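J.: Questions regarding the structure given below will be posed in turn.
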Amino acid sequence: MENQRSETLSSDPQLLWNLFENDDAVSLPYNGTSGWSGTDTSEERAKEADSTGRTAEVQTFVFRYLLWQRSHGATWKELAEASRLHHGTISGALSVLHKEGKIARLTERRNRCRVYVHPAYINERDTDSQGRKPKECPNCGHSL
């Protein structure tokens with residue numbers, strides 16, 4: 001059952017339209033870029049995508065697709081299939097949008113992948129924080 005906020009979204013077309021209208025600002029949280037894996041080729045690809053508008057296109061697609069999927073959400077695999085984009089492209093967009101709080105990653109899994117949703121459709125389900133989890137010592141539990 002959907003929570004009250006998502007019921008409001010689905011019953012108020014103007015509010016839903018406003019969500020689509022407000023998603024056009026690209027997120028570049030890594031020193032003014034969308035980030036890269038650390039290699040020179042990855043950096044070159046990211047800077048080109050950011051400067052040509054490709055980053056904004058992919059982020060907008062991901063955001064809108066998750067809105068369209070409502071509480072069902074989508075995994076990176078589902079997004080890659082729907083967009084015909086590479087895992088790295090989709091994963092990068094998901095990471096940035098998650099870091100910026102524009103989408104949420106649920107703890108639930110589908111086909112061995114985490115599910116992403118628009119925050120309006122979390123529906124009191126557990127979510128993951130963004131980023132890598134610190135490793136813990138198996139003996140004492142302290143962070144390594």
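In the structure tokens, chains take letters A, B, ... by order of appearance, with residues numbered from 1 within each chain and ligands from 1 in the order shown.
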Tell me which protein, DNA and RNA residues are within 7 Å of His118 of chain A, counting only C-alpha atoms, leaving out same-chain ones fewer than 4 positions away, and put them as a PyMOL selection string.
T.: chain A and resi 66-67+102-104
J.: A:His98, A:Arg109, A:Arg54, A:Arg70: which is nearest Leu85 of chain A, counting only C-alpha atoms?
T.: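 Closest residue, counting only C-alpha atoms: A:Arg54.
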J.: How many Å separate atom CA of Gln69 of chain A from atom CA of Ile90 of chain A?
T.: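 Taking atom CA of Gln69 of chain A and atom CA of Ile90 of chain A, their separation equals 16.1 Å.
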